[in-house]
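Enquirer: After the structure tokens below, expect a handful of questions from me.
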Amino acid sequence: SADVADWLSVTEAGLFNFHPSVRPVPLECHIQGYEGKHYCPRMMTMNKPAYAAIQTHSPIKPVIIFVSSRRQTRLTALDLIAHALGDERPRQFIHMPEDELIAVTEGIKDSNLRHTINFGIGLHHAGLCETDKKTVEALFLAGKITILCSTSTLAWGVNLPAHLVIIKGTEYYDAKVQRYVDFPITDVLQMMGRAGRPQFDTMAKAVIMVHEPKKPFYRRFLYEPFPIESALTDCLHEHINAELVAGTITCMDDAVDYLSWTYFFRRLLANPSYYGLDSTEPSDIRNYLEQ
């Protein structure tokens with residue numbers, strides 16, 4: 001933030017830099033690492049700790065569990081049901097009379113959702129029809145069911161806050177590259193942001209379950225703010241062409257001078273390895289900019 005302020009010539013008196021912990025409801029965050037090379041077995045090992053986290057942090061208040069796929073919403077819900085049955089408390093997540101529950105389930109089209117809703121656990125993903133989604137959202141908002149297993153898209157869509165958010169895995173399968181890749185940091189922040197209900201809670205909880213090797217990264221990301229890097233290189237050709245047409249740039253020296261006034265140039269000097277610059281010697285910087 002100091003780099004941005006300096007670039008914009010903002011004085012210290014005009015700079016406001018808020019820590020991620022500044023929010024209407026304070027957030028208590030727990031990061032848990034899990035071993036396992038393969039994705040699906042690792043997700044399976046997270047189910048029992050997810051149930052334990054519910055019992056520890058939010059046994060009676062609403063919980064959203066974010067997973068990467070429709071299949072994982074179903075598998076997670078079924079495992080939670082199995083653990084609840086093992087505790088001999090199968091109805092701990094449901095808060096409505098039997099006759100109302102029967103009426104609700106009769107109107108649900110998805111067979112998996114119809115089964116899980118009987119135990120107070122809702123599913124939410126793009127594969128559900130609109131009426132099923134609306135039913136789940138209404139039941140969750142009313143507190144009639146307290147667990148919602150959802151894909152990450154819910155974090156950007158409907159406003160369904162909860163006392164506890166569990167992010168079960170920080171990767172998803174990208175069909176374009178045919179492998180599992182990390183969620184963007186903005187998605188993780190958005191999912192965490194669903195924790196905390198300003199009108200009900202004085203403290204929110206988030207449990208982030210990650211692959212063990214990535215645990216230090218997420219710990220650092222949550223407790224130390226990342227610098228703001230420039231994205232100018234992604235569209236530099238458009239800006240250079242515009243300045244050529246406008247007559248601002250007429251030669252190579254003009255182009256280098258133009259770049260020296262950008263935020264990209266400041267970050268290039270501060271974090272050269274991020275932009276692929278090997279040396280910060282003046283001659284090396286000029287050669288880099290000319291390329």
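Starting from 1 in every chain, residues are counted up; chains themselves are A, B, ... following the order of the structure tokens, and ligands are numbered from 1 as listed.
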As a compact mmCIF listing (two decimals) with N, CA, C and O atoms, in the first residue's frame, which residues of range 16-55 of chain A does DSSP assign to strand (DSSP E)?

Expert:
```
# COMPACT_ATOMS: atom_id res chain seq x y z
N LEU A 27 -12.70 -12.27 13.13
CA LEU A 27 -12.61 -13.63 12.61
C LEU A 27 -11.46 -14.38 13.26
O LEU A 27 -10.32 -13.93 13.25
N GLU A 28 -11.80 -15.53 13.82
CA GLU A 28 -10.79 -16.43 14.38
C GLU A 28 -10.52 -17.53 13.35
O GLU A 28 -11.42 -18.28 13.00
N CYS A 29 -9.29 -17.58 12.87
CA CYS A 29 -8.98 -18.48 11.75
C CYS A 29 -8.06 -19.61 12.19
O CYS A 29 -7.09 -19.39 12.90
N HIS A 30 -8.39 -20.84 11.76
CA HIS A 30 -7.58 -22.01 12.06
C HIS A 30 -7.16 -22.66 10.74
O HIS A 30 -8.00 -22.90 9.87
N ILE A 31 -5.87 -22.92 10.58
CA ILE A 31 -5.36 -23.56 9.37
C ILE A 31 -4.87 -24.96 9.72
O ILE A 31 -4.05 -25.12 10.62
N GLN A 32 -5.40 -25.94 9.02
CA GLN A 32 -5.05 -27.33 9.29
C GLN A 32 -4.44 -27.95 8.03
O GLN A 32 -4.99 -27.82 6.94
N GLY A 33 -3.30 -28.61 8.19
CA GLY A 33 -2.64 -29.25 7.06
C GLY A 33 -2.86 -30.75 7.04
O GLY A 33 -2.91 -31.39 8.09
N TYR A 34 -3.01 -31.31 5.84
CA TYR A 34 -3.27 -32.75 5.68
C TYR A 34 -2.31 -33.32 4.65
O TYR A 34 -2.13 -32.76 3.57
```

Enquirer: So that I can check the surroundings of Trp156 in chain A, please list as JSON, numbers by chain every protein, DNA and RNA residue that reaches within 9 Å of it, counting only C-alpha atoms and ignoring chain neighbours fewer than 6 positions away.

Expert: {"A": [187, 190, 191]}

Enquirer: Taking into account only C-alpha atoms, which residue in the set A:Tyr51, A:Thr280, A:Ile64, A:Ser58 is nearest to His83 in chain A?

Expert: A:Tyr51

Enquirer: Counting only C-alpha atoms, what is within 10 Å of Ser152 in chain A, bar same-chain residues fewer than 4 positions away, as a list in words?

Expert: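 Listed by chain and then number, they are Ile65, Phe66, Val67, Ser68, Ser69, His124, His125, Trp156, Gly157, Ile167, Thr170, Tyr172, Phe183, Asp187, Val188, Gln190 and Met191 of chain A.
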
Enquirer: Excluding same-chain residues fewer than 3 positions from Asp79 in chain A, what lies within 8 Å of it counting only C-alpha atoms, as a PDB file with N, CA and C atoms, in the first residue's frame?

Expert:
```pdb
ATOM      1  N   ASN A  47     -12.924 -35.213   6.321  1.00  0.00           N
ATOM      2  CA  ASN A  47     -14.322 -35.236   6.742  1.00  0.00           C
ATOM      3  C   ASN A  47     -14.492 -35.361   8.253  1.00  0.00           C
ATOM      4  N   LYS A  48     -13.732 -36.251   8.874  1.00  0.00           N
ATOM      5  CA  LYS A  48     -13.850 -36.397  10.327  1.00  0.00           C
ATOM      6  C   LYS A  48     -13.395 -35.132  11.055  1.00  0.00           C
ATOM      7  N   LEU A  75     -20.439 -36.224  -1.056  1.00  0.00           N
ATOM      8  CA  LEU A  75     -19.600 -37.114  -0.241  1.00  0.00           C
ATOM      9  C   LEU A  75     -19.368 -36.536   1.157  1.00  0.00           C
ATOM     10  N   THR A  76     -19.168 -35.234   1.232  1.00  0.00           N
ATOM     11  CA  THR A  76     -18.959 -34.586   2.534  1.00  0.00           C
ATOM     12  C   THR A  76     -20.207 -34.695   3.395  1.00  0.00           C
ATOM     13  N   ALA A  82     -22.885 -39.886   8.593  1.00  0.00           N
ATOM     14  CA  ALA A  82     -22.351 -41.103   9.212  1.00  0.00           C
ATOM     15  C   ALA A  82     -21.761 -40.813  10.594  1.00  0.00           C
ATOM     16  N   HIS A  83     -21.049 -39.688  10.726  1.00  0.00           N
ATOM     17  CA  HIS A  83     -20.464 -39.326  12.026  1.00  0.00           C
ATOM     18  C   HIS A  83     -21.553 -38.954  13.034  1.00  0.00           C
TER      19      HIS A  83
END
```

Enquirer: Can you work out which one of A:Val63, A:Leu222, A:Val207, A:Leu244 has the shortest atom-to-atom distance to Leu160 in chain A, counting only C-alpha atoms?

Expert: A:Val63

Enquirer: Report as a ChimeraX atom specification all protein, DNA and RNA residues lying within 9 Å of range 94-107 of chain A, evaluated on only C-alpha atoms, omitting residues in the same chain fewer than 2 positions from it.

Expert: /A:90-92,109,113-115,117-121,131-132,135,143-147

Enquirer: May I ask which of the residues A:Thr151, A:Gly36, A:Asn271, A:Phe221 is the closest one to Thr73 in chain A, counting only C-alpha atoms?

Expert: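 Closest to Thr73 in chain A, using only C-alpha atoms: A:Thr151.
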
Enquirer: Could you list, as a JSON list (two decimals) with C-alpha atoms, in the first residue's frame, every residue within 6 Å of Ala206 in chain A, counting only C-alpha atoms and ignoring same-chain residues fewer than 4 positions away?

Expert:
```json
[["chain", "number", "residue", "atom", "x", "y", "z"],
["A", 29, "CYS", "CA", -8.98, -18.48, 11.75],
["A", 164, "LEU", "CA", -18.42, -21.06, 11.02],
["A", 165, "VAL", "CA", -16.95, -21.49, 7.55],
["A", 166, "ILE", "CA", -14.93, -24.58, 6.70]]
```

Enquirer: Quick one: of A:Met43, A:Leu289, A:Arg74, A:Glu229, who's nearest to Ser260 in chain A, counting only C-alpha atoms?

Expert: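 Checking each of A:Met43, A:Leu289, A:Arg74, A:Glu229 against Ser260 in chain A, counting only C-alpha atoms, the winner is A:Leu289.
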
Enquirer: From a backbone DSSP assignment, name each residue in range 161-250 of chain A labelled helix (DSSP H, G or I), as a PyMOL selection string.

Expert: chain A and resi 185-192+212-223+232-234+236-246

Enquirer: If you measure from CA of Val210 in chain A to CA of Phe93 in chain A, what distance in Å do you get, rounded to one decimal?

Expert: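 Separating CA of Val210 in chain A from CA of Phe93 in chain A is a distance of 25.4 Å.
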
Enquirer: Given only C-alpha atoms as the basis, pick out the residue of A:Thr56, A:Tyr180, A:Val25, A:Ala13 nearest to Cys40 in chain A.

Expert: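 With only C-alpha atoms as the atom set, the closest residue is A:Tyr180.
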
Enquirer: Which residue, A:Thr233, A:Gln291, A:Leu189, A:Asp284, has the smallest gap to Tyr218 in chain A when you use only C-alpha atoms?

Expert: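 Among the listed residues, the smallest separation from Tyr218 in chain A belongs to A:Leu189.
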
Enquirer: Need the shell around Val158 in chain A: protein/DNA/RNA residues with any atom at most 12 Å away, counting only C-alpha atoms. Skip same-chain ones fewer than 5 positions apart. Format as a list of chain:residue names?

Expert: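 Everything that qualifies: A:His124, A:His125, A:Lys133, A:Lys134, A:Val136, A:Glu137, A:Ala138, A:Phe140, A:Leu141, A:Ser150, A:Ser152, A:Thr153, A:Met191, A:Arg194.
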
Enquirer: Between CA of Leu128 in chain A and CA of Arg42 in chain A, what is the spacing in Å?

Expert: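 Going from CA of Arg42 in chain A over to CA of Leu128 in chain A, I get 25.8 Å.
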